[in-house]
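S.K.: Handing over coords.tsv, TSV, C-alpha atoms.
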chain	number	residue	atom	x	y	z
A	78	MET	CA	6.88	119.93	53.23
A	79	SER	CA	8.70	122.80	51.46
A	80	LEU	CA	12.26	123.87	52.17
A	81	ILE	CA	10.92	127.11	53.66
A	82	SER	CA	8.60	125.41	56.11
A	83	GLU	CA	11.34	122.86	56.98
A	84	GLY	CA	13.68	125.78	57.63
A	85	ALA	CA	11.13	127.46	59.88
A	86	ASP	CA	10.56	124.19	61.71
A	87	PHE	CA	14.30	123.72	62.20
A	88	ARG	CA	14.67	127.29	63.49
A	89	GLY	CA	11.86	126.61	65.94
A	90	ARG	CA	13.47	123.41	67.23
A	91	LEU	CA	16.87	125.11	67.45
A	92	ALA	CA	15.36	128.00	69.40
A	93	ALA	CA	13.53	125.63	71.75
A	94	ALA	CA	16.73	123.64	72.32
A	95	ALA	CA	18.54	126.86	73.20
A	96	GLY	CA	15.77	127.85	75.62
A	97	LEU	CA	14.54	130.66	73.33
A	98	VAL	CA	10.78	130.28	73.49
A	99	GLU	CA	9.91	133.60	71.91
A	100	PRO	CA	11.76	136.71	70.62
A	101	SER	CA	13.60	138.47	73.42
A	102	SER	CA	12.34	141.57	75.18
A	103	ALA	CA	15.42	141.81	77.41
A	104	SER	CA	16.84	145.29	77.91
A	105	VAL	CA	20.51	146.21	78.25
A	106	GLY	CA	19.83	146.70	81.99
A	107	ASP	CA	18.60	143.12	82.29
A	108	TYR	CA	21.87	141.87	80.82
A	109	LEU	CA	23.84	144.07	83.22
A	110	ALA	CA	21.81	142.58	86.12
A	111	LEU	CA	22.84	139.09	84.92
A	112	MET	CA	26.45	140.06	85.62
A	113	LYS	CA	25.77	140.59	89.38
A	114	PRO	CA	27.24	144.11	89.53
A	115	ARG	CA	27.60	144.15	93.35
A	116	VAL	CA	29.60	140.90	93.38
A	117	MET	CA	31.58	142.23	90.42
A	118	SER	CA	32.53	145.39	92.35
A	119	LEU	CA	33.96	143.32	95.24
A	120	VAL	CA	35.86	141.13	92.75
A	121	VAL	CA	37.32	144.19	91.00
A	122	PHE	CA	38.31	145.75	94.34
A	123	THR	CA	40.15	142.66	95.63
A	124	ALA	CA	41.79	142.14	92.22
A	125	LEU	CA	42.92	145.79	92.26
A	126	VAL	CA	44.60	145.22	95.64
A	127	GLY	CA	46.37	142.11	94.31
A	128	LEU	CA	47.49	144.12	91.29
A	129	ALA	CA	48.60	147.13	93.34
A	130	VAL	CA	50.63	145.29	95.99
A	131	ALA	CA	52.47	143.10	93.45
A	132	PRO	CA	56.11	144.01	92.82
A	133	GLY	CA	57.24	145.12	89.37
A	134	HIS	CA	56.12	147.48	86.67
A	135	LEU	CA	52.79	147.40	84.86
A	136	HIS	CA	51.59	150.06	82.42
A	137	PRO	CA	48.35	151.68	83.69
A	138	LEU	CA	46.50	150.68	80.51
A	139	THR	CA	47.60	147.06	80.95
A	140	GLY	CA	46.41	147.22	84.57
A	141	PHE	CA	43.06	148.67	83.42
A	142	THR	CA	42.75	145.90	80.81
A	143	ALA	CA	43.46	143.23	83.44
A	144	LEU	CA	40.79	144.65	85.78
A	145	LEU	CA	38.31	144.96	82.90
A	146	CYS	CA	38.83	141.31	81.93
A	147	ILE	CA	38.53	140.16	85.56
A	148	ALA	CA	35.29	142.19	85.90
A	149	VAL	CA	33.85	140.74	82.68
A	150	GLY	CA	34.94	137.24	83.73
A	151	ALA	CA	33.12	137.70	87.05
A	152	GLY	CA	30.07	138.94	85.12
A	153	ALA	CA	30.23	135.86	82.89
A	154	ALA	CA	30.33	133.57	85.92
A	155	GLY	CA	27.35	135.44	87.42
A	156	SER	CA	25.37	135.09	84.21
A	157	LEU	CA	26.08	131.35	83.93
A	158	ASN	CA	25.12	130.96	87.61
A	159	MET	CA	21.79	132.69	86.96
A	160	TRP	CA	21.18	130.46	83.92
A	161	TYR	CA	21.75	127.25	85.88
A	162	ASP	CA	20.11	128.34	89.14
A	163	ALA	CA	16.96	129.89	87.65
A	164	ASP	CA	14.78	127.19	89.23
A	165	ILE	CA	16.01	127.80	92.78
A	166	ASP	CA	16.28	131.57	92.29
A	167	ALA	CA	12.54	131.59	91.52
A	168	VAL	CA	11.57	130.17	94.94
A	169	MET	CA	13.96	132.25	97.09
A	170	THR	CA	12.82	135.68	98.26
A	171	ARG	CA	16.31	137.20	97.88
A	172	THR	CA	16.70	136.09	94.23
A	173	ALA	CA	13.15	135.84	92.85
A	174	ARG	CA	13.40	139.22	91.11
A	175	ARG	CA	16.44	138.27	89.02
A	176	PRO	CA	16.00	138.60	85.22
A	177	VAL	CA	15.70	134.86	84.39
A	178	PRO	CA	13.09	133.85	87.03
A	179	MET	CA	11.17	137.07	86.21
A	180	GLY	CA	11.07	135.97	82.55
A	181	ARG	CA	12.77	139.13	81.27
A	182	VAL	CA	15.78	137.11	80.04
A	183	GLN	CA	15.32	133.60	78.69
A	184	PRO	CA	17.63	130.83	79.99
A	185	GLY	CA	19.27	130.32	76.58
A	186	GLU	CA	20.08	134.02	76.37
A	187	ALA	CA	21.74	133.98	79.80
A	188	LEU	CA	23.76	130.91	78.79
A	189	ALA	CA	24.91	132.41	75.48
A	190	PHE	CA	25.70	135.75	77.14
A	191	GLY	CA	27.77	134.08	79.87
A	192	LEU	CA	29.72	131.85	77.48
A	193	THR	CA	30.46	134.77	75.15
A	194	LEU	CA	31.67	137.02	77.96
A	195	ALA	CA	33.78	134.26	79.51
A	196	SER	CA	35.47	133.52	76.18
A	197	PHE	CA	36.19	137.20	75.47
A	198	ALA	CA	37.49	137.89	79.00
A	199	VAL	CA	39.91	134.95	79.02
A	200	VAL	CA	41.17	135.43	75.44
A	201	VAL	CA	41.67	139.20	75.79
A	202	LEU	CA	43.46	138.77	79.15
A	203	GLY	CA	45.71	136.14	77.59
A	204	LEU	CA	46.47	138.24	74.50
A	205	LEU	CA	46.96	141.61	76.15
A	206	VAL	CA	48.27	140.78	79.65
A	207	ASN	CA	49.70	137.29	80.22
A	208	ALA	CA	48.89	133.59	79.99
A	209	LEU	CA	49.00	132.82	83.75
A	210	ALA	CA	46.46	135.52	84.60
A	211	ALA	CA	44.20	134.25	81.77
A	212	ALA	CA	44.53	130.64	82.96
A	213	LEU	CA	43.66	131.65	86.54
A	214	LEU	CA	40.63	133.61	85.31
A	215	ALA	CA	39.44	130.65	83.20
A	216	PHE	CA	39.86	128.32	86.20
A	217	THR	CA	37.98	130.75	88.48
A	218	ILE	CA	35.01	130.88	86.08
A	219	PHE	CA	35.07	127.07	85.72
A	220	PHE	CA	35.28	126.63	89.50
A	221	TYR	CA	32.38	128.98	90.21
A	222	VAL	CA	30.08	127.66	87.49
A	223	VAL	CA	30.85	123.93	87.37
A	224	ILE	CA	32.33	123.03	90.78
A	225	TYR	CA	30.24	125.39	92.93
A	226	THR	CA	27.00	126.13	91.03
A	227	MET	CA	26.41	122.82	89.25
A	228	TRP	CA	27.91	120.41	91.78
A	229	LEU	CA	28.52	121.57	95.35
A	230	LYS	CA	25.68	124.06	95.88
A	231	ARG	CA	22.93	121.44	95.61
A	232	SER	CA	24.80	118.47	97.05
A	233	THR	CA	26.73	119.34	100.24
A	234	PRO	CA	26.52	121.68	103.26
A	235	GLN	CA	30.21	122.41	102.62
A	236	ASN	CA	29.13	124.15	99.37
A	237	ILE	CA	30.26	127.65	100.29
A	238	VAL	CA	33.41	126.44	102.09
A	239	ILE	CA	34.88	124.88	98.94
A	240	GLY	CA	32.97	127.13	96.54
A	241	GLY	CA	34.34	130.16	98.38
A	242	ALA	CA	37.63	129.57	96.58
A	243	ALA	CA	36.08	131.05	93.44
A	244	GLY	CA	35.62	134.40	95.19
A	245	ALA	CA	39.13	134.21	96.65
A	246	PHE	CA	40.98	133.95	93.34
A	247	PRO	CA	40.73	137.60	92.08
A	248	PRO	CA	43.70	139.00	94.13
A	249	THR	CA	45.88	136.19	92.79
A	250	ILE	CA	44.79	137.03	89.22
A	251	GLY	CA	45.67	140.69	89.85
A	252	TRP	CA	49.07	139.67	91.22
A	253	ALA	CA	49.69	137.30	88.28
A	254	ALA	CA	48.78	140.08	85.82
A	255	VAL	CA	51.74	142.12	87.12
A	256	THR	CA	54.34	139.46	87.87
A	257	GLY	CA	53.38	136.55	85.59
A	258	SER	CA	53.92	134.29	88.63
A	259	LEU	CA	52.56	133.54	92.12
A	260	SER	CA	54.13	133.65	95.61
A	261	LEU	CA	53.15	133.42	99.28
A	262	GLU	CA	51.67	136.93	99.51
A	263	PRO	CA	48.82	136.48	96.97
A	264	VAL	CA	48.17	133.03	98.47
A	265	LEU	CA	47.73	134.76	101.84
A	266	LEU	CA	45.20	137.16	100.30
A	267	PHE	CA	43.45	134.12	98.80
A	268	LEU	CA	43.31	132.42	102.22
A	269	ILE	CA	41.87	135.52	103.92
A	270	ILE	CA	38.90	135.61	101.49
A	271	PHE	CA	38.59	131.80	101.55
A	272	PHE	CA	38.18	131.67	105.35
A	273	TRP	CA	36.10	134.87	105.41
A	274	THR	CA	33.42	133.37	103.10
A	275	PRO	CA	31.91	130.69	105.43
A	276	PRO	CA	31.22	132.94	108.48
A	277	HIS	CA	29.90	135.63	106.11
A	278	PHE	CA	27.45	133.36	104.26
A	279	TRP	CA	26.46	131.20	107.24
A	280	ALA	CA	25.52	134.37	109.18
A	281	LEU	CA	23.19	135.21	106.27
A	282	ALA	CA	21.94	131.62	105.98
A	283	LEU	CA	21.01	131.56	109.70
A	284	TYR	CA	18.32	134.19	109.16
A	285	ARG	CA	17.35	132.92	105.69
A	286	THR	CA	17.13	129.23	106.65
A	287	GLU	CA	13.51	128.83	105.49
A	288	ASP	CA	14.38	130.38	102.14
A	289	TYR	CA	17.22	127.91	101.53
A	290	ALA	CA	15.15	124.96	102.83
A	291	ARG	CA	12.26	125.85	100.46
A	292	ALA	CA	14.71	125.91	97.53
A	293	GLY	CA	16.18	122.55	98.61
A	294	ILE	CA	19.71	123.92	99.05
A	295	PRO	CA	21.61	121.97	101.74
A	296	MET	CA	23.07	125.01	103.51
A	297	LEU	CA	24.64	124.18	106.88
A	298	PRO	CA	21.74	125.59	109.02
A	299	VAL	CA	19.26	123.52	106.97
A	300	VAL	CA	21.23	120.25	107.25
A	301	ALA	CA	23.18	120.47	110.52
A	302	GLY	CA	20.93	122.89	112.40
A	303	ASP	CA	21.19	126.25	114.09
A	304	VAL	CA	23.59	125.44	116.97
A	305	SER	CA	26.09	123.54	114.84
A	306	THR	CA	26.23	126.40	112.30
A	307	ARG	CA	26.93	128.93	115.06
A	308	ARG	CA	29.84	126.75	116.28
A	309	HIS	CA	31.18	126.49	112.72
A	310	ILE	CA	31.02	130.30	112.38
A	311	MET	CA	33.13	130.68	115.53
A	312	LEU	CA	35.66	128.04	114.36
A	313	TYR	CA	36.17	129.68	110.96
A	314	THR	CA	36.41	133.15	112.57
A	315	LEU	CA	39.12	131.80	114.90
A	316	VAL	CA	41.11	130.78	111.80
A	317	LEU	CA	40.24	133.95	109.85
A	318	VAL	CA	41.41	136.53	112.40
A	319	PRO	CA	45.06	135.31	112.65
A	320	LEU	CA	45.13	134.99	108.85
A	321	GLY	CA	43.94	138.61	108.63
A	322	ILE	CA	46.84	139.70	110.84
A	323	ALA	CA	49.38	137.46	109.03
A	324	PRO	CA	50.36	139.97	106.27
A	325	TRP	CA	51.62	142.32	109.03
A	326	ALA	CA	53.17	139.50	111.10
A	327	LEU	CA	55.06	138.21	108.04
A	328	GLY	CA	56.29	141.67	107.10
A	329	TYR	CA	54.14	142.16	103.99
A	330	ALA	CA	52.22	145.04	105.59
A	331	GLY	CA	53.00	147.90	107.98
A	332	VAL	CA	51.85	148.98	111.43
A	333	LEU	CA	48.63	150.62	110.19
A	334	TYR	CA	47.51	147.33	108.65
A	335	GLY	CA	48.49	145.47	111.83
A	336	VAL	CA	46.36	147.80	113.97
A	337	VAL	CA	43.35	147.70	111.61
A	338	ALA	CA	43.53	143.89	111.25
A	339	SER	CA	43.83	143.41	115.04
A	340	VAL	CA	40.99	145.79	116.00
A	341	THR	CA	38.57	144.62	113.29
A	342	GLY	CA	39.57	141.01	113.97
A	343	ALA	CA	38.69	141.48	117.65
A	344	ILE	CA	35.28	142.89	116.64
A	345	MET	CA	34.72	139.91	114.30
A	346	LEU	CA	35.50	137.53	117.20
A	347	ALA	CA	33.18	139.43	119.55
A	348	LEU	CA	30.33	139.32	116.99
A	349	ALA	CA	30.94	135.61	116.31
A	350	GLY	CA	30.77	135.11	120.10
A	351	GLN	CA	27.37	136.86	120.19
A	352	VAL	CA	26.20	134.64	117.31
A	353	LEU	CA	27.36	131.59	119.30
A	354	GLN	CA	25.28	132.62	122.35
A	355	GLU	CA	22.19	133.68	120.38
A	356	ARG	CA	19.34	131.23	119.74
A	357	ARG	CA	16.51	131.29	117.22
A	358	PRO	CA	14.20	133.09	116.58
A	359	ALA	CA	16.61	135.90	117.53
A	360	GLU	CA	18.72	136.92	114.53
A	361	ARG	CA	20.18	140.29	115.52
A	362	ALA	CA	23.71	138.98	116.13
A	363	CYS	CA	23.68	137.14	112.79
A	364	ARG	CA	22.66	140.32	110.94
A	365	HIS	CA	25.39	142.28	112.76
A	366	LEU	CA	28.06	139.70	111.88
A	367	PHE	CA	26.92	139.54	108.25
A	368	ALA	CA	27.05	143.33	107.87
A	369	PHE	CA	30.34	143.76	109.73
A	370	SER	CA	32.04	140.93	107.84
A	371	ILE	CA	31.68	142.96	104.61
A	372	LEU	CA	33.24	146.00	106.30
A	373	TYR	CA	35.99	143.79	107.78
A	374	LEU	CA	37.12	142.45	104.41
A	375	PHE	CA	36.86	145.89	102.83
A	376	LEU	CA	38.95	147.50	105.60
A	377	LEU	CA	41.69	144.85	105.40
A	378	PHE	CA	42.08	145.20	101.64
A	379	ALA	CA	41.61	149.00	101.63
A	380	THR	CA	44.33	149.41	104.28
A	381	LEU	CA	46.66	147.19	102.28
A	382	LEU	CA	45.88	149.30	99.21
A	383	VAL	CA	46.53	152.58	101.03
A	384	GLU	CA	49.67	151.37	102.80
A	385	ARG	CA	51.39	149.29	100.13
A	386	GLY	CA	49.52	149.52	96.90
A	387	TRP	CA	48.74	153.22	96.63
A	388	GLY	CA	52.40	154.20	96.67
A	389	GLY	CA	53.13	151.45	94.18
A	390	LEU	CA	50.35	152.58	91.87
A	391	LEU	CA	51.53	156.21	91.99
A	392	ALA	CA	55.11	155.11	91.30
A	393	ARG	CA	53.93	153.10	88.29
A	394	LEU	CA	51.87	155.99	86.94
A	395	THR	CA	54.80	158.38	87.23
A	396	ALA	CA	57.48	155.90	86.04
B	28	MET	CA	-2.27	127.37	40.35
B	29	ASN	CA	-2.03	128.00	44.10
B	30	GLU	CA	0.86	130.15	45.37
B	31	PRO	CA	2.73	128.54	48.29
B	32	ALA	CA	1.91	130.22	51.61
B	33	LYS	CA	4.46	132.97	52.33
B	34	ASP	CA	6.56	132.34	55.45
B	35	GLU	CA	6.18	135.47	57.56
B	36	GLY	CA	8.91	134.28	59.94
B	37	VAL	CA	9.01	135.78	63.40
B	38	VAL	CA	7.11	139.05	63.67
B	39	LEU	CA	8.44	141.28	66.44
B	40	THR	CA	6.28	143.56	68.56
B	41	GLU	CA	7.23	147.23	68.90
B	42	ALA	CA	8.63	146.59	72.40
B	43	GLN	CA	10.75	143.72	71.11
B	44	LYS	CA	12.03	145.89	68.24
B	45	ARG	CA	12.98	148.66	70.69
B	46	SER	CA	14.82	146.28	73.04
B	47	ARG	CA	16.59	144.62	70.10
B	48	ARG	CA	17.73	148.05	68.87
B	49	SER	CA	19.08	149.00	72.30
B	50	ARG	CA	20.90	145.65	72.55
B	51	SER	CA	22.38	146.13	69.06
B	52	ILE	CA	23.65	149.60	69.98
B	53	ALA	CA	25.21	148.22	73.19
B	54	ILE	CA	26.97	145.43	71.25
B	55	ALA	CA	28.26	147.95	68.69
B	56	LEU	CA	29.64	150.18	71.45
B	57	VAL	CA	31.34	147.24	73.18
B	58	LEU	CA	32.94	146.08	69.91
B	59	ALA	CA	34.13	149.63	69.15
B	60	ALA	CA	35.63	149.85	72.66
B	61	LEU	CA	37.39	146.53	72.09
B	62	VAL	CA	38.91	147.83	68.83
B	63	VAL	CA	40.14	150.98	70.62
B	64	LEU	CA	41.53	148.87	73.49
B	65	PHE	CA	43.48	146.57	71.15
B	66	TYR	CA	44.79	149.59	69.19
B	67	ALA	CA	45.90	151.40	72.36
B	68	MET	CA	47.48	148.26	73.83
B	69	THR	CA	49.40	147.70	70.58
B	70	LEU	CA	50.78	151.24	70.89
B	71	VAL	CA	51.69	150.66	74.55
B	72	LYS	CA	53.38	147.30	74.01
B	73	GLY	CA	54.98	148.11	70.66
B	74	PRO	CA	56.51	145.27	68.61
B	75	ILE	CA	56.67	143.09	71.75
B	76	VAL	CA	52.90	142.57	71.37
B	77	LEU	CA	53.75	139.91	68.77
B	78	LEU	CA	56.04	137.99	71.13
B	79	ARG	CA	54.10	135.46	73.14
B	80	PRO	CA	56.48	133.25	75.15
B	81	MET	CA	54.58	130.54	77.03
Translate this file's structure into structure tokens.
M.R.:
Amino acid sequence: MSLISEGADFRGRLAAAAGLVEPSSASVGDYLALMKPRVMSLVVFTALVGLAVAPGHLHPLTGFTALLCIAVGAGAAGSLNMWYDADIDAVMTRTARRPVPMGRVQPGEALAFGLTLASFAVVVLGLLVNALAAALLAFTIFFYVVIYTMWLKRSTPQNIVIGGAAGAFPPTIGWAAVTGSLSLEPVLLFLIIFFWTPPHFWALALYRTEDYARAGIPMLPVVAGDVSTRRHIMLYTLVLVPLGIAPWALGYAGVLYGVVASVTGAIMLALAGQVLQERRPAERACRHLFAFSILYLFLLFATLLVERGWGGLLARLTA
Amino acid sequence: MNEPAKDEGVVLTEAQKRSRRSRSIAIALVLAALVVLFYAMTLVKGPIVLLRPM
């Protein structure tokens, strides 16, 4: 065997080991889809609020860099999630059209893309902003990919309860980017998202139960059943609503936030109550709760941004 | 004397060449943006950019 043919053979084995079966036809759009742009937009928004409400001065360009790194870090986590979950994505209606199960991006490409983005995001955040923010971003990516995607998602019905922490970290990263430290206020923002995640995802899972069961994911409705999941939704909403009001009660937010958090919290409780009374095959209340929960989180953070953060941002821009 | 068979390597289709070109342009743009970002951040931070207390 000549050196050339040995080289070709080695390249072939290397490519196969990396999951590269044939030369890629992936477009730039396919790579952008790997980054889960919709999830990324929510991450950037909550991180922006954490960054805006934090005390202290931060140059606008440094703030932009922090948000860019957080967005890229979220994209990296999304890409690594799509690499690992390609098998279950392929059998679920909601995810079957993602680039990896569709064959437009090969698994090895998604893996390499995710690892590269994650490395760049963490290193650039550490070099240009600060070490604590970079460490939190690295931990968030690790938590989402290893703890949630690789471990919890396929092994326990508490997957999104614990895994929800990954989505709750961005405001703390934004806060750490400004202050270089953490305090009770960003932890409160973390807790709001952490307790918001289970009712939000279980409402979705209640009308996608067959999808999750077919993929073998032990979501709560699949394992514990319909009635138990509805009770869990109500329990978590009962914890979430006071937490949503807490920033006003503890003096971190003003009257406007208090009113918005109370009114939207009452609506969340009412919708969770409807979910509790509803029985399959009806799914209207679940769809309403799922849709409103997105608006609820957005309104809480947007009000905080308008009331506290917007003034702070303007002051920083004009300082 | 027989010539050894020439290794053609991987032959790309036109579609694969087009997608590779678009990916290469995207990578070039991202790297250029990163250079600009580091340059601008160095101007913003000044000499303190070299100080990295842990």
S.K.: Please determine, counting all atoms listed in the file, which residue among A:Ala301, A:Leu192, A:Ile310, A:Cys146 has the shortest atom-to-atom distance to chain B.
M.R.: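 Once distances to chain B are computed over all atoms listed in the file, the minimum belongs to A:Cys146.
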S.K.: Please report, as a Markdown table, each residue of chain A lying at most 7 Å from chain B, together with the nearest pair of atoms and the separation in Å rounded to one decimal; use only C-alpha atoms, and order rows by chain and ascending residue number.
M.R.:
| residue | atom | partner | partner_atom | distance |
| --- | --- | --- | --- | --- |
| A:Ser101 | CA | B:Gln43 | CA | 6.4 |
| A:Ser102 | CA | B:Gln43 | CA | 4.9 |
| A:Ala103 | CA | B:Ser46 | CA | 6.3 |
| A:Ser104 | CA | B:Ser46 | CA | 5.4 |
| A:Val105 | CA | B:Arg50 | CA | 5.7 |
S.K.: Calculated over all atoms listed in the file, which of the candidates A:Gly342, A:Pro114, A:Gly302, A:Pro234 has the smallest distance to Gly321 (chain A)?
M.R.: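 Among the listed residues, the smallest separation from Gly321 (chain A) belongs to A:Gly342.
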S.K.: Please write out, as lines of an AutoDock Vina configuration file, where the centre of an axis-aligned box around all listed atoms of region 35-51 of chain B lies and how long its edges are, in Å to one decimal, after adding 8 Å on each side.
M.R.:
center_x = 14.3
center_y = 141.6
center_z = 65.3
size_x = 32.2
size_y = 30.7
size_z = 31.5
S.K.: Hey, can you check how far CA of Ala254 (chain A) sits from CA of Ala242 (chain A)?
M.R.: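 CA of Ala242 (chain A) lies at a distance of 18.7 Å from CA of Ala254 (chain A).
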S.K.: So the first atom is CA of Ala59 (chain B) and the second is CA of Gly73 (chain B); what is the distance between them in Å, to one decimal place?
M.R.: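 Computing it gives 21.0 Å between the two atoms.
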S.K.: Could you check how far CA of Gly155 (chain A) sits from CA of Met112 (chain A), in Å to one decimal?
M.R.: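 For CA of Gly155 (chain A) relative to CA of Met112 (chain A), the distance reads 5.0 Å.
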S.K.: Report as a PyMOL selection string all protein, DNA and RNA residues lying within 12 Å of Leu261 (chain A), evaluated on only C-alpha atoms, omitting residues in the same chain fewer than 3 positions from it.
M.R.: chain A and resi 131+249+252+258+264-268+323-324+327-329
S.K.: Compute the distance from (22.0, 141.5, 84.7) to each atom, counting all atoms listed in the file, keep the residues with any atom at most 9 Å away, and return them as an mmCIF file with C-alpha atoms, in the coordinates of the input; use the coordinates of the file.
M.R.:
data_model
loop_
_atom_site.group_PDB
_atom_site.id
_atom_site.type_symbol
_atom_site.label_atom_id
_atom_site.label_comp_id
_atom_site.auth_asym_id
_atom_site.auth_seq_id
_atom_site.Cartn_x
_atom_site.Cartn_y
_atom_site.Cartn_z
ATOM 1 C CA VAL A 105 20.510 146.210 78.250
ATOM 2 C CA GLY A 106 19.830 146.700 81.990
ATOM 3 C CA ASP A 107 18.600 143.120 82.290
ATOM 4 C CA TYR A 108 21.870 141.870 80.820
ATOM 5 C CA LEU A 109 23.840 144.070 83.220
ATOM 6 C CA ALA A 110 21.810 142.580 86.120
ATOM 7 C CA LEU A 111 22.840 139.090 84.920
ATOM 8 C CA MET A 112 26.450 140.060 85.620
ATOM 9 C CA LYS A 113 25.770 140.590 89.380
ATOM 10 C CA PRO A 114 27.240 144.110 89.530
ATOM 11 C CA GLY A 152 30.070 138.940 85.120
ATOM 12 C CA GLY A 155 27.350 135.440 87.420
ATOM 13 C CA SER A 156 25.370 135.090 84.210
ATOM 14 C CA ARG A 175 16.440 138.270 89.020
ATOM 15 C CA PRO A 176 16.000 138.600 85.220
ATOM 16 C CA VAL A 182 15.780 137.110 80.040
ATOM 17 C CA ALA A 187 21.740 133.980 79.800
#
S.K.: Using all atoms listed in the file and a cutoff of 12 Å, can you tell me which residues are near (34.2, 137.2, 119.6) in the file's coordinates, and write them out as a PyMOL selection string?
M.R.: chain A and resi 307-308+310-315+317-318+340-354+362+366
S.K.: Given all atoms listed in the file as the basis, pick out the residue of A:Ile269, A:Gly185, A:Phe278, A:Pro178 nearest to Phe375 (chain A).
M.R.: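 Going through A:Ile269, A:Gly185, A:Phe278, A:Pro178 one by one, the smallest distance to Phe375 (chain A) is for A:Ile269.
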S.K.: Any idea what's packed within 12 Å of Leu214 (chain A), counting only C-alpha atoms, ignoring anything in its chain fewer than 2 positions away? Could you give it as a PDB file with C-alpha atoms, keeping the file's coordinate frame?
M.R.:
ATOM      1  CA  VAL A 120      35.860 141.130  92.750  1.00  0.00           C
ATOM      2  CA  ALA A 124      41.790 142.140  92.220  1.00  0.00           C
ATOM      3  CA  ALA A 143      43.460 143.230  83.440  1.00  0.00           C
ATOM      4  CA  LEU A 144      40.790 144.650  85.780  1.00  0.00           C
ATOM      5  CA  LEU A 145      38.310 144.960  82.900  1.00  0.00           C
ATOM      6  CA  CYS A 146      38.830 141.310  81.930  1.00  0.00           C
ATOM      7  CA  ILE A 147      38.530 140.160  85.560  1.00  0.00           C
ATOM      8  CA  ALA A 148      35.290 142.190  85.900  1.00  0.00           C
ATOM      9  CA  VAL A 149      33.850 140.740  82.680  1.00  0.00           C
ATOM     10  CA  GLY A 150      34.940 137.240  83.730  1.00  0.00           C
ATOM     11  CA  ALA A 151      33.120 137.700  87.050  1.00  0.00           C
ATOM     12  CA  GLY A 152      30.070 138.940  85.120  1.00  0.00           C
ATOM     13  CA  ALA A 153      30.230 135.860  82.890  1.00  0.00           C
ATOM     14  CA  ALA A 154      30.330 133.570  85.920  1.00  0.00           C
ATOM     15  CA  ALA A 195      33.780 134.260  79.510  1.00  0.00           C
ATOM     16  CA  SER A 196      35.470 133.520  76.180  1.00  0.00           C
ATOM     17  CA  PHE A 197      36.190 137.200  75.470  1.00  0.00           C
ATOM     18  CA  ALA A 198      37.490 137.890  79.000  1.00  0.00           C
ATOM     19  CA  VAL A 199      39.910 134.950  79.020  1.00  0.00           C
ATOM     20  CA  VAL A 200      41.170 135.430  75.440  1.00  0.00           C
ATOM     21  CA  VAL A 201      41.670 139.200  75.790  1.00  0.00           C
ATOM     22  CA  LEU A 202      43.460 138.770  79.150  1.00  0.00           C
ATOM     23  CA  GLY A 203      45.710 136.140  77.590  1.00  0.00           C
ATOM     24  CA  VAL A 206      48.270 140.780  79.650  1.00  0.00           C
ATOM     25  CA  ASN A 207      49.700 137.290  80.220  1.00  0.00           C
ATOM     26  CA  ALA A 208      48.890 133.590  79.990  1.00  0.00           C
ATOM     27  CA  LEU A 209      49.000 132.820  83.750  1.00  0.00           C
ATOM     28  CA  ALA A 210      46.460 135.520  84.600  1.00  0.00           C
ATOM     29  CA  ALA A 211      44.200 134.250  81.770  1.00  0.00           C
ATOM     30  CA  ALA A 212      44.530 130.640  82.960  1.00  0.00           C
ATOM     31  CA  PHE A 216      39.860 128.320  86.200  1.00  0.00           C
ATOM     32  CA  THR A 217      37.980 130.750  88.480  1.00  0.00           C
ATOM     33  CA  ILE A 218      35.010 130.880  86.080  1.00  0.00           C
ATOM     34  CA  PHE A 219      35.070 127.070  85.720  1.00  0.00           C
ATOM     35  CA  PHE A 220      35.280 126.630  89.500  1.00  0.00           C
ATOM     36  CA  TYR A 221      32.380 128.980  90.210  1.00  0.00           C
ATOM     37  CA  ALA A 243      36.080 131.050  93.440  1.00  0.00           C
ATOM     38  CA  GLY A 244      35.620 134.400  95.190  1.00  0.00           C
ATOM     39  CA  ALA A 245      39.130 134.210  96.650  1.00  0.00           C
ATOM     40  CA  PHE A 246      40.980 133.950  93.340  1.00  0.00           C
ATOM     41  CA  PRO A 247      40.730 137.600  92.080  1.00  0.00           C
ATOM     42  CA  PRO A 248      43.700 139.000  94.130  1.00  0.00           C
ATOM     43  CA  THR A 249      45.880 136.190  92.790  1.00  0.00           C
ATOM     44  CA  ILE A 250      44.790 137.030  89.220  1.00  0.00           C
ATOM     45  CA  GLY A 251      45.670 140.690  89.850  1.00  0.00           C
ATOM     46  CA  TRP A 252      49.070 139.670  91.220  1.00  0.00           C
ATOM     47  CA  ALA A 253      49.690 137.300  88.280  1.00  0.00           C
ATOM     48  CA  ALA A 254      48.780 140.080  85.820  1.00  0.00           C
TER      49      ALA A 254
END
